[in-house]
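Asks: Please find run.txt (compact mmCIF, C-alpha atoms and all ligand atoms) on the next line:
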```
# COMPACT_ATOMS: atom_id res chain seq x y z
CA MET O 1 0.00 0.00 0.00
CA LYS O 2 2.69 2.38 1.11
CA ASN O 3 4.79 1.70 -2.00
CA SER O 4 1.95 2.21 -4.40
CA SER O 5 0.98 5.55 -2.82
CA VAL O 6 4.60 6.72 -3.14
CA LEU O 7 4.55 5.63 -6.76
CA LEU O 8 1.29 7.45 -7.35
CA SER O 9 2.50 10.67 -5.78
CA ARG O 10 5.73 10.41 -7.80
CA SER O 11 3.85 10.05 -11.07
CA ILE O 12 1.59 12.98 -10.15
CA SER O 13 4.65 15.20 -9.52
CA SER O 14 6.21 14.05 -12.82
CA LEU O 15 2.99 14.90 -14.60
CA LEU O 16 2.95 18.34 -13.00
CA LEU O 17 6.56 18.92 -14.01
CA ILE O 18 5.83 17.88 -17.61
CA LEU O 19 2.84 20.22 -17.71
CA LEU O 20 4.86 23.09 -16.29
CA PHE O 21 7.69 22.75 -18.83
CA SER O 22 5.52 22.07 -21.85
CA CYS O 23 3.81 25.45 -21.29
CA GLY O 24 7.21 27.19 -21.58
CA ALA O 25 8.58 29.69 -19.11
CA PRO O 26 6.61 32.94 -19.14
CA GLU O 27 8.57 36.01 -20.28
CA ALA O 28 8.80 37.33 -16.73
CA GLU O 29 10.74 34.21 -15.76
CA MET O 30 13.28 34.49 -18.59
CA THR O 31 16.77 35.50 -17.54
CA GLN O 32 18.11 38.80 -18.95
CA GLU O 33 20.36 36.75 -21.27
CA GLU O 34 17.44 34.71 -22.61
CA LYS O 35 15.37 37.85 -23.11
CA ALA O 36 18.27 39.56 -24.94
CA SER O 37 18.82 36.50 -27.14
CA ASP O 38 15.16 36.34 -28.01
CA ILE O 39 14.99 40.05 -28.91
CA HIS O 40 18.31 39.91 -30.78
CA SER O 41 17.09 37.09 -33.01
CA ARG O 42 13.72 38.73 -33.67
CA VAL O 43 14.61 42.34 -34.53
CA LEU O 44 16.44 43.36 -37.72
CA THR O 45 19.96 44.36 -36.70
CA LEU O 46 21.67 46.90 -38.94
CA ASP O 47 25.18 48.34 -38.77
CA SER O 48 25.26 51.64 -40.68
CA HIS O 49 29.04 51.77 -41.09
CA ALA O 50 31.69 49.10 -41.55
CA ASP O 51 34.97 49.46 -43.43
CA THR O 52 35.12 45.78 -44.32
CA PRO O 53 35.99 46.47 -48.00
CA LEU O 54 39.43 47.49 -46.69
CA GLN O 55 39.84 43.86 -45.60
CA MET O 56 38.36 42.55 -48.83
CA GLY O 57 41.23 44.09 -50.76
CA ARG O 58 43.78 42.20 -48.68
CA GLU O 59 45.68 39.15 -49.85
CA GLY O 60 44.37 36.02 -48.14
CA PHE O 61 41.13 37.51 -46.80
CA ASP O 62 38.01 35.63 -47.88
CA ILE O 63 34.70 37.15 -46.77
CA GLY O 64 32.89 33.84 -47.22
CA LYS O 65 35.17 32.08 -44.73
CA ARG O 66 35.50 32.49 -40.99
CA ASN O 67 38.57 34.64 -40.24
CA ASP O 68 40.34 35.14 -36.91
CA PRO O 69 40.00 38.74 -35.67
CA HIS O 70 43.16 38.38 -33.57
CA GLU O 71 45.22 37.24 -36.56
CA GLY O 72 44.51 40.18 -38.83
CA GLY O 73 41.24 38.67 -40.05
CA GLY O 74 39.22 41.81 -39.42
CA LYS O 75 35.96 42.20 -37.55
CA ILE O 76 33.44 41.06 -40.13
CA ASP O 77 32.94 38.24 -42.60
CA PHE O 78 29.72 36.53 -43.68
CA PRO O 79 29.99 33.49 -41.37
CA ARG O 80 30.73 35.70 -38.35
CA MET O 81 27.90 38.11 -39.25
CA LYS O 82 25.55 35.15 -39.19
CA GLU O 83 27.03 33.87 -35.93
CA GLY O 84 26.70 37.26 -34.21
CA GLY O 85 23.20 37.86 -35.55
CA LEU O 86 24.01 40.97 -37.59
CA ASP O 87 21.40 40.95 -40.35
CA ALA O 88 22.42 43.98 -42.40
CA ALA O 89 25.45 46.21 -42.82
CA PHE O 90 26.52 49.17 -44.87
CA PHE O 91 29.95 48.45 -46.35
CA ALA O 92 31.87 51.68 -46.90
CA VAL O 93 33.59 52.50 -50.14
CA PHE O 94 36.21 54.55 -48.36
CA LEU O 95 38.74 56.95 -49.85
CA GLY O 96 41.17 59.00 -47.80
CA GLN O 97 41.25 62.65 -48.82
CA GLY O 98 44.02 63.35 -51.31
CA GLU O 99 44.96 66.18 -53.63
CA ARG O 100 42.24 68.13 -55.36
CA HIS O 101 42.89 68.36 -59.07
CA GLU O 102 41.48 66.54 -62.10
CA LYS O 103 44.18 63.88 -62.26
CA ALA O 104 43.75 63.06 -58.56
CA TYR O 105 39.93 62.88 -58.97
CA GLN O 106 40.44 60.46 -61.81
CA THR O 107 42.59 58.22 -59.62
CA ALA O 108 40.08 58.49 -56.75
CA ARG O 109 37.23 57.50 -59.10
CA GLU O 110 39.11 54.50 -60.40
CA ARG O 111 39.83 53.41 -56.84
CA ALA O 112 36.21 53.92 -55.80
CA VAL O 113 34.91 51.87 -58.73
CA GLY O 114 37.45 49.17 -57.84
CA ILE O 115 36.06 48.98 -54.29
CA PHE O 116 32.43 48.89 -55.51
CA ASN O 117 33.47 46.00 -57.75
CA LEU O 118 35.08 44.14 -54.84
CA ILE O 119 31.76 44.28 -52.97
CA HIS O 120 29.70 43.21 -55.99
CA GLN O 121 32.13 40.37 -56.66
CA ALA O 122 31.91 39.12 -53.04
CA LEU O 123 28.11 39.01 -53.34
CA LYS O 124 28.39 37.12 -56.62
CA ASP O 125 30.82 34.65 -55.02
CA TYR O 126 28.52 33.90 -52.07
CA PRO O 127 24.92 34.42 -53.23
CA GLU O 128 23.62 31.85 -50.75
CA MET O 129 25.05 33.84 -47.82
CA ALA O 130 24.37 37.48 -48.72
CA GLY O 131 22.76 39.77 -51.25
CA LEU O 132 23.00 43.40 -52.35
CA ALA O 133 20.42 45.63 -50.66
CA LEU O 134 19.34 48.85 -52.35
CA THR O 135 16.06 49.74 -50.62
CA PRO O 136 14.94 49.52 -46.97
CA ASP O 137 12.65 46.59 -47.84
CA ASP O 138 15.55 44.61 -49.30
CA ALA O 139 17.02 43.96 -45.83
CA TYR O 140 13.77 42.42 -44.55
CA ARG O 141 13.34 40.35 -47.72
CA LEU O 142 16.93 39.04 -47.64
CA ASN O 143 16.54 38.32 -43.94
CA GLU O 144 13.43 36.21 -44.65
CA GLU O 145 15.43 34.32 -47.26
CA GLY O 146 18.06 33.58 -44.59
CA ARG O 147 20.61 35.83 -46.28
CA LEU O 148 22.60 38.81 -45.04
CA ALA O 149 21.82 42.24 -46.47
CA ILE O 150 24.79 44.24 -47.70
CA TYR O 151 24.25 47.92 -48.44
CA ILE O 152 26.91 50.28 -49.74
CA GLY O 153 27.83 53.80 -48.57
CA LEU O 154 30.50 56.08 -50.03
CA GLU O 155 32.73 57.39 -47.25
CA ASN O 156 34.09 60.68 -48.49
CA GLY O 157 32.62 62.62 -51.39
CA TYR O 158 36.19 63.00 -52.71
CA PRO O 159 35.68 60.94 -55.91
CA ILE O 160 32.83 63.26 -56.90
CA GLY O 161 35.47 65.96 -57.22
CA ARG O 162 33.69 68.92 -58.82
CA ASP O 163 31.51 66.85 -61.12
CA LEU O 164 27.88 66.61 -59.98
CA GLU O 165 27.23 63.72 -62.38
CA TRP O 166 29.33 61.50 -60.17
CA VAL O 167 26.64 61.58 -57.48
CA GLU O 168 24.31 59.61 -59.75
CA LYS O 169 27.20 57.42 -60.90
CA VAL O 170 27.90 56.25 -57.34
CA TYR O 171 24.15 55.81 -56.80
CA ASP O 172 24.02 53.57 -59.87
CA LEU O 173 26.96 51.58 -58.48
CA GLY O 174 24.81 50.87 -55.40
CA ALA O 175 25.71 53.61 -52.89
CA ARG O 176 22.77 54.72 -50.76
CA TYR O 177 24.58 57.29 -48.64
CA ILE O 178 27.55 59.59 -49.06
CA THR O 179 29.65 60.77 -46.12
CA LEU O 180 30.32 64.22 -47.52
CA ALA O 181 33.93 64.50 -46.30
CA HIS O 182 36.51 62.56 -44.31
CA ASN O 183 39.48 63.79 -42.25
CA ARG O 184 40.21 66.81 -44.45
CA ASN O 185 38.24 69.45 -46.29
CA ASN O 186 37.17 68.71 -49.84
CA ASP O 187 35.23 70.52 -52.58
CA ILE O 188 31.92 69.71 -50.91
CA CYS O 189 32.48 70.93 -47.36
CA ASP O 190 34.80 71.35 -44.40
CA SER O 191 35.88 68.40 -42.30
CA SER O 192 35.69 68.48 -38.50
CA THR O 193 39.34 67.44 -38.31
CA ASP O 194 41.25 69.29 -41.03
CA PRO O 195 44.54 70.44 -39.44
CA ASP O 196 44.40 73.61 -41.58
CA GLY O 197 40.97 74.60 -40.25
CA PRO O 198 37.87 75.56 -42.25
CA GLU O 199 38.03 76.48 -45.92
CA HIS O 200 34.38 77.04 -46.87
CA ASN O 201 33.03 77.83 -43.38
CA GLY O 202 30.63 74.94 -43.82
CA LEU O 203 29.15 73.58 -47.01
CA SER O 204 30.51 75.00 -50.30
CA GLU O 205 28.19 76.19 -53.06
CA PHE O 206 29.05 73.03 -54.96
CA GLY O 207 28.36 71.02 -51.78
CA ALA O 208 24.84 72.47 -51.58
CA LYS O 209 24.27 71.20 -55.13
CA VAL O 210 25.56 67.77 -54.10
CA VAL O 211 23.08 67.65 -51.19
CA ARG O 212 20.18 68.63 -53.50
CA GLU O 213 21.24 66.01 -56.02
CA MET O 214 21.31 63.39 -53.25
CA ASN O 215 17.80 64.49 -52.23
CA ARG O 216 16.67 64.07 -55.84
CA LEU O 217 18.08 60.53 -55.94
CA GLY O 218 16.82 59.53 -52.49
CA MET O 219 20.28 59.05 -51.01
CA ILE O 220 20.93 59.62 -47.32
CA VAL O 221 23.26 62.54 -46.55
CA ASP O 222 25.82 61.33 -43.99
CA VAL O 223 26.98 64.13 -41.69
CA SER O 224 29.64 62.15 -39.79
CA HIS O 225 33.16 63.64 -40.18
CA ILE O 226 31.97 67.04 -41.42
CA SER O 227 32.48 70.28 -39.45
CA ASP O 228 29.78 71.70 -37.16
CA GLU O 229 29.14 74.57 -39.59
CA ALA O 230 28.85 72.14 -42.48
CA PHE O 231 26.36 70.08 -40.44
CA TYR O 232 24.13 73.12 -39.87
CA ASP O 233 24.38 74.08 -43.55
CA VAL O 234 23.43 70.55 -44.60
CA ILE O 235 20.29 70.42 -42.47
CA GLU O 236 19.35 73.84 -43.82
CA VAL O 237 19.77 72.72 -47.45
CA SER O 238 18.60 69.10 -47.23
CA LYS O 239 14.92 68.45 -47.86
CA ALA O 240 15.27 65.02 -46.24
CA PRO O 241 16.31 63.91 -42.75
CA VAL O 242 20.04 63.17 -42.46
CA ALA O 243 22.10 60.51 -40.70
CA ALA O 244 25.40 60.59 -38.83
CA THR O 245 26.38 57.02 -39.69
CA HIS O 246 29.17 56.77 -37.07
CA SER O 247 29.34 59.55 -34.45
CA ASN O 248 28.80 59.91 -30.71
CA ALA O 249 27.79 62.52 -28.12
CA ARG O 250 30.36 65.26 -27.51
CA ALA O 251 29.05 65.76 -23.97
CA LEU O 252 30.57 62.37 -23.07
CA ALA O 253 33.67 62.46 -25.30
CA ASP O 254 34.81 65.92 -26.27
CA VAL O 255 36.20 65.42 -29.78
CA PRO O 256 35.29 67.33 -32.96
CA ARG O 257 34.03 64.09 -34.59
CA ASN O 258 31.17 63.90 -32.09
CA MET O 259 27.94 65.92 -31.94
CA ASP O 260 27.28 68.49 -29.22
CA ASP O 261 23.87 68.95 -27.58
CA ASP O 262 22.78 71.77 -29.91
CA MET O 263 23.63 69.63 -32.95
CA LEU O 264 21.71 66.68 -31.49
CA LEU O 265 18.69 68.93 -30.86
CA ALA O 266 18.92 70.21 -34.45
CA LEU O 267 19.13 66.60 -35.64
CA LYS O 268 15.93 65.78 -33.74
CA GLU O 269 14.22 68.77 -35.39
CA ASN O 270 15.44 67.49 -38.77
CA GLY O 271 14.01 64.02 -38.07
CA GLY O 272 17.45 62.46 -38.52
CA VAL O 273 19.44 59.83 -36.69
CA VAL O 274 22.86 59.49 -35.05
CA GLN O 275 24.45 56.03 -35.08
CA VAL O 276 26.77 55.51 -32.12
CA THR O 277 30.18 54.12 -32.95
CA PHE O 278 32.81 51.88 -31.34
CA VAL O 279 35.93 54.03 -31.83
CA GLY O 280 37.52 54.37 -28.35
CA PRO O 281 38.41 58.09 -28.27
CA PHE O 282 34.90 58.95 -29.54
CA LEU O 283 33.44 57.08 -26.53
CA LYS O 284 35.62 58.26 -23.67
CA GLU O 285 38.92 59.94 -22.93
CA MET O 286 41.67 57.37 -23.49
CA GLU O 287 45.17 57.21 -22.03
CA PRO O 288 47.68 58.52 -24.61
CA ASP O 289 49.89 55.84 -26.17
CA PRO O 290 52.99 57.67 -27.51
CA GLU O 291 54.65 54.55 -28.98
CA ARG O 292 51.60 53.63 -31.02
CA GLN O 293 51.15 57.25 -32.09
CA ALA O 294 54.81 57.54 -33.13
CA ALA O 295 54.56 54.34 -35.21
CA PHE O 296 51.51 55.66 -37.08
CA ASP O 297 53.09 59.11 -37.56
CA GLU O 298 56.17 57.46 -39.04
CA LEU O 299 53.99 55.40 -41.42
CA ARG O 300 52.17 58.50 -42.65
CA GLU O 301 55.40 60.45 -43.00
CA ARG O 302 57.05 57.69 -45.03
CA TRP O 303 54.23 57.07 -47.51
CA GLY O 304 53.02 60.66 -47.95
CA ASP O 305 49.84 61.31 -49.95
CA TYR O 306 48.06 57.96 -50.30
CA THR O 307 46.40 59.03 -53.57
CA GLU O 308 49.78 58.97 -55.30
CA LEU O 309 50.35 55.32 -54.39
CA SER O 310 49.84 52.31 -56.62
CA ASP O 311 47.47 49.52 -55.58
CA GLU O 312 50.47 47.39 -54.55
CA GLU O 313 51.83 50.21 -52.42
CA MET O 314 48.41 50.72 -50.82
CA ALA O 315 48.30 47.02 -49.96
CA GLN O 316 51.72 47.43 -48.35
CA VAL O 317 50.46 50.42 -46.30
CA ARG O 318 47.51 48.35 -45.06
CA GLU O 319 49.80 45.49 -44.07
CA GLU O 320 52.05 47.85 -42.10
CA TRP O 321 49.00 49.49 -40.51
CA GLN O 322 47.79 46.09 -39.34
CA LYS O 323 51.21 45.21 -37.92
CA ILE O 324 51.35 48.43 -35.87
CA ASN O 325 47.85 47.70 -34.64
CA GLN O 326 48.91 44.25 -33.48
CA LYS O 327 52.17 45.43 -31.93
CA TYR O 328 50.62 48.31 -30.00
CA PRO O 329 47.02 47.27 -29.33
CA ARG O 330 44.76 50.15 -28.44
CA GLU O 331 43.05 50.56 -25.11
CA LEU O 332 39.42 49.76 -25.84
CA ALA O 333 36.16 51.18 -24.55
CA THR O 334 33.34 48.83 -23.48
CA VAL O 335 29.76 48.03 -24.43
CA SER O 336 28.73 49.88 -21.28
CA ASP O 337 30.55 53.03 -22.51
CA LEU O 338 28.73 52.71 -25.85
CA VAL O 339 25.32 52.33 -24.22
CA ASP O 340 26.10 55.37 -22.02
CA HIS O 341 26.06 57.36 -25.29
CA ILE O 342 22.76 55.76 -26.32
CA ASP O 343 21.27 56.62 -22.91
CA TYR O 344 22.52 60.18 -23.12
CA ILE O 345 21.13 60.73 -26.63
CA VAL O 346 17.79 59.11 -25.73
CA ASP O 347 17.49 61.37 -22.65
CA LEU O 348 18.25 64.46 -24.73
CA ILE O 349 16.38 63.88 -28.00
CA GLY O 350 14.29 60.73 -27.52
CA ILE O 351 14.34 57.12 -28.64
CA GLU O 352 13.58 57.89 -32.32
CA HIS O 353 16.95 59.37 -33.25
CA VAL O 354 19.67 56.91 -32.30
CA GLY O 355 21.16 53.78 -33.86
CA ILE O 356 24.42 51.86 -34.23
CA GLY O 357 27.28 52.21 -36.74
CA THR O 358 30.21 50.12 -35.53
CA ASP O 359 33.09 51.37 -37.73
CA PHE O 360 34.32 47.77 -37.58
CA ASP O 361 37.43 47.41 -39.76
CA GLY O 362 37.87 51.18 -39.66
CA GLY O 363 39.05 51.51 -36.05
CA GLY O 364 35.91 50.36 -34.21
CA ALA O 365 36.30 47.68 -31.51
CA LEU O 366 35.13 47.29 -27.92
CA GLU O 367 36.68 45.20 -25.19
CA ASP O 368 33.53 43.09 -24.91
CA CYS O 369 32.45 43.45 -28.54
CA PHE O 370 35.72 42.95 -30.37
CA ASP O 371 34.19 41.65 -33.55
CA VAL O 372 30.75 41.08 -35.05
CA THR O 373 30.26 37.74 -33.25
CA GLU O 374 29.78 39.62 -29.97
CA ILE O 375 27.16 42.21 -30.93
CA GLU O 376 24.48 40.52 -28.85
CA ASN O 377 26.29 42.00 -25.83
CA ILE O 378 24.86 45.37 -26.88
CA THR O 379 21.33 44.00 -26.91
CA LEU O 380 21.98 42.45 -23.48
CA GLU O 381 23.21 45.76 -22.06
CA LEU O 382 20.11 47.51 -23.47
CA VAL O 383 17.85 44.86 -21.89
CA GLU O 384 19.66 45.21 -18.57
CA ARG O 385 19.15 48.97 -18.68
CA GLY O 386 15.42 48.48 -19.15
CA TYR O 387 14.92 49.09 -22.89
CA THR O 388 11.90 47.25 -24.32
CA LYS O 389 11.89 45.10 -27.46
CA GLU O 390 10.18 47.92 -29.41
CA GLU O 391 12.84 50.42 -28.30
CA ILE O 392 15.67 48.02 -29.10
CA GLU O 393 14.20 47.45 -32.57
CA LYS O 394 14.25 51.21 -33.16
CA ILE O 395 17.88 51.43 -32.06
CA TRP O 396 19.04 48.41 -34.08
CA SER O 397 17.41 49.43 -37.36
CA GLY O 398 13.99 51.10 -37.11
CA ASN O 399 15.23 54.66 -36.77
CA PHE O 400 17.80 54.41 -39.54
CA MET O 401 15.29 52.72 -41.86
CA ARG O 402 12.79 55.52 -41.18
CA VAL O 403 15.37 58.10 -42.33
CA PHE O 404 16.21 55.93 -45.37
CA ARG O 405 12.52 55.62 -46.31
CA GLU O 406 11.90 59.34 -45.87
CA ALA O 407 14.86 60.19 -48.10
CA ARG O 408 13.30 57.99 -50.80
CA GLU O 409 9.79 59.36 -50.30
CA ILE O 410 11.08 62.90 -50.69
CA ALA O 411 12.90 61.88 -53.88
CA ALA O 412 9.62 60.49 -55.19
CA GLU O 413 7.79 63.72 -54.32
CA LEU O 414 10.50 65.77 -56.02
CA ALA O 415 10.21 63.58 -59.11
CA VAL O 416 6.47 64.23 -59.23
CA VAL O 417 7.00 67.97 -58.77
CA GLU O 418 9.50 67.96 -61.61
CA GLY O 419 7.09 65.93 -63.72
CA GLU O 420 9.56 63.09 -64.02
CA LYS O 421 8.17 59.61 -64.14
CA THR O 422 11.10 57.78 -62.66
CA GLU O 423 11.21 54.28 -61.33
CA ILE O 424 12.06 55.67 -57.90
CA LEU O 425 8.33 55.91 -57.16
CA ALA O 426 7.87 52.23 -57.83
CA GLN O 427 10.84 51.31 -55.68
CA ILE O 428 9.80 52.78 -52.33
ZN ZN F 501 34.82 57.29 -40.71
```
Turn this file's structure into structure tokens for me.
Replies:
Amino acid sequence: MKNSSVLLSRSISSLLLILLFSCGAPEAEMTQEEKASDIHSRVLTLDSHADTPLQMGREGFDIGKRNDPHEGGGKIDFPRMKEGGLDAAFFAVFLGQGERHEKAYQTARERAVGIFNLIHQALKDYPEMAGLALTPDDAYRLNEEGRLAIYIGLENGYPIGRDLEWVEKVYDLGARYITLAHNRNNDICDSSTDPDGPEHNGLSEFGAKVVREMNRLGMIVDVSHISDEAFYDVIEVSKAPVAATHSNARALADVPRNMDDDMLLALKENGGVVQVTFVGPFLKEMEPDPERQAAFDELRERWGDYTELSDEEMAQVREEWQKINQKYPRELATVSDLVDHIDYIVDLIGIEHVGIGTDFDGGGALEDCFDVTEIENITLELVERGYTKEEIEKIWSGNFMRVFREAREIAAELAVVEGEKTEILAQI
């Protein structure tokens, strides 16, 4: 009797246990990690700025294979994007600012086209892993197909030179944003970091034409890197909201590359978005590292103006750059430092105007998000700080996609006003 009652009570408890587990743990009982994982896999994650094409030009780098980030393999490749749950990324066609005359523009254009081709070739080589994305919808479609979405942005309007037609040429090559300038002034506008100071006091007359042409085409104007005056000129001229594809809050890291409170408030007014970035000195004040600095200064001194170099010489520069990076590793900021910037921006201008642009392969790396495989740590930090799934979705892609869509809608309206029946309308 005794034995059978024990048996009975045991089977009742087993039944209860089975019932409990088959119902699944309610959301309230999920750990923060489980909640973050769930959100991370369900929202579209988009990185608005990665310099991965710099890696793609390197001997021995294969974007379709898993590379080791600690052995010069960069921060992103398709297998690691998949592993880290990064669904979409803008690959930058990046050109350092060189001399400004016709011959130099010609060289810059050839280089730019070469980099566009590298990206297109990679997508042709691995169609089952990734596809070219040209519209906001493309990322969601590719994601449904189980493929990564690769967008293209032109970092530095340098190859446009003084020829407005080149804006449409880079659009046709797949670029959906242009970062108007890089570390130095160009014909479009002033840079925030030109050692010689401002040249146009903002956007040049030609630059205003470039912005209008980008509005006509539905391209996003990227205000990262440009001077404060140029930023204000751009939002005055642009009919569409703008994006800073990789910039942070100056209140937390006082460098010219970041945006101060007034700029952030103006960005909110404009309906735009700022995408926080992983570059250490843009996140917090870092300890100076004179040996590393001296090694980079020597490299720059020795090679001079990069635009004058052949492709082989450029490859050599990249190799040396990598070696210095490995010999004198930088002090890195953390995911917590990054999310401090998100918190700050959200407090100041709201949840609708912030996103993420890693600058992976262009100097971006965090201690606890060293390459793309670790990006879920950002989602986890956001969950731990109390952000909801809806808010995290806005940060990871929703806000940037809104700006992208609005840029295209405005282009469609402009086309109607001008009486042009373009296919842009059909593409929104
Ligand atoms: Zn940059």
Asks: Using all atoms listed in the file, what table do you get, as a Markdown table, when you list each residue of chain O with an atom no more than 7 Å from ligand ZN 501 (chain F), its nearest pair of atoms, and their distance in Å rounded to one decimal, rows by chain then rising number?
Replies:
```
| residue | atom | partner | partner_atom | distance |
| --- | --- | --- | --- | --- |
| O:Glu155 | CA | F:ZN501 | ZN | 6.9 |
| O:His182 | CA | F:ZN501 | ZN | 6.6 |
| O:His225 | CA | F:ZN501 | ZN | 6.6 |
| O:His246 | CA | F:ZN501 | ZN | 6.7 |
| O:Asp359 | CA | F:ZN501 | ZN | 6.8 |
| O:Gly362 | CA | F:ZN501 | ZN | 6.9 |
```
Asks: Could you check which of O:Ile220, O:Phe61, O:Gly84, O:Asp228 is closest to Asn377 of chain O, using all atoms listed in the file?
Replies: O:Gly84
Asks: Kindly indicate which residue among O:Met129, O:Leu338, O:Val403, O:Ile351 lies nearest to Asp222 of chain O, using all atoms listed in the file for the distances.
Replies: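 With all atoms listed in the file as the atom set, the closest residue is O:Val403.
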Asks: Find, counting all atoms listed in the file, the residue in O:Ala240, O:Ile152, O:Ala315, O:Ala50 that gets nearest to Arg402 of chain O.
Replies: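 Nearest candidate to Arg402 of chain O out of O:Ala240, O:Ile152, O:Ala315, O:Ala50: O:Ala240.
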Asks: From the options O:Lys327, O:His353, O:Lys394, O:Arg216, which residue's atoms come nearest to Arg408 of chain O, counting all atoms listed in the file?
Replies: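 Of O:Lys327, O:His353, O:Lys394, O:Arg216, the one nearest Arg408 of chain O is O:Arg216, counting all atoms listed in the file.
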Asks: Between O:Ser191, O:Ala175, O:Asp254, O:Asp261, which has the minimum distance to Ser227 of chain O (counting only C-alpha atoms)?
Replies: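 The shortest atom-to-atom distance to Ser227 of chain O comes from O:Ser191.
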Asks: As an exercise, work out the distance from atom CA of Asp260 of chain O to atom CA of Thr179 of chain O in Å and give it to one decimal place.
Replies: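 Atom CA of Thr179 of chain O lies at a distance of 18.7 Å from atom CA of Asp260 of chain O.
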Asks: Up to 7 Å from (21.2, 45.2, -47.6) in the file's coordinates: name the residues, counting only C-alpha atoms, as a list in words.
Replies: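 Here is the list of nearby residues: Ala88, Ala89, Gly131, Leu132, Ala133, Leu134, Asp138, Ala139, Ala149, Ile150 and Tyr151 of chain O.
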Asks: In terms of the shortest atom-to-atom distance over all atoms listed in the file, which of O:Asp337, O:Asp172, O:Asp297, O:Glu287 is closest to Asn248 of chain O?
Replies: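 Residue with the minimum atom-to-atom distance to Asn248 of chain O: O:Asp337.
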Asks: Would you mind listing what lies within 8 Å of segment 115-118 of chain O as a list of chain:residue names, with all atoms listed in the file counted and same-chain residues fewer than 6 positions away left out?
Replies: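 Within the cut-off, the hits are O:Pro53, O:Met56, O:Gly57, O:Val93, O:Leu173, O:Gly174.
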Asks: Pull the closest atom pair for each residue of segment 240-330 of chain O that gets at most 9 Å from segment 72-75 of chain O, along with the distance in Å to one decimal, counting all atoms listed in the file, ordering rows by chain and then ascending residue number, as CSV.
Replies:
```
residue,atom,partner,partner_atom,distance
O:Gln322,CA,O:Gly72,CA,6.8
O:Lys323,CA,O:Gly72,CA,8.4
O:Gln326,CA,O:Gly72,CA,8.0
```
Asks: So how many Å separate atom CA of Asp289 of chain O and atom CA of Arg330 of chain O, to one decimal?
Replies: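 Those two atoms sit 8.0 Å apart.
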Asks: Determine, counting only C-alpha atoms, every residue of protein, DNA or RNA that lies within 9 Å of (18.5, 72.2, -47.9) in the file coordinates, then give the result as number ranges by chain.
Replies: O: 208, 211-212, 215, 233-240
Asks: Output C-alpha atoms for every residue in that selection, as a compact mmCIF listing (two decimals), in the frame of the given file.
Replies:
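As written to disk, again_17.txt reads:
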```txt
# COMPACT_ATOMS: atom_id res chain seq x y z
CA ALA O 208 24.84 72.47 -51.58
CA VAL O 211 23.08 67.65 -51.19
CA ARG O 212 20.18 68.63 -53.50
CA ASN O 215 17.80 64.49 -52.23
CA ASP O 233 24.38 74.08 -43.55
CA VAL O 234 23.43 70.55 -44.60
CA ILE O 235 20.29 70.42 -42.47
CA GLU O 236 19.35 73.84 -43.82
CA VAL O 237 19.77 72.72 -47.45
CA SER O 238 18.60 69.10 -47.23
CA LYS O 239 14.92 68.45 -47.86
CA ALA O 240 15.27 65.02 -46.24
```
Asks: Could you pull the residues within 9 Å of Ala333 of chain O, counting only C-alpha atoms, minus those fewer than 2 positions along the same chain, as number ranges by chain?
Replies: O: 278-281, 283-284, 286, 331, 335-338, 365-368
Asks: Using Å and a single decimal, report how far atom CA of Ala108 of chain O sits from atom CA of Pro127 of chain O.
Replies: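 Result for atom CA of Pro127 of chain O versus atom CA of Ala108 of chain O: 28.7 Å, one decimal.
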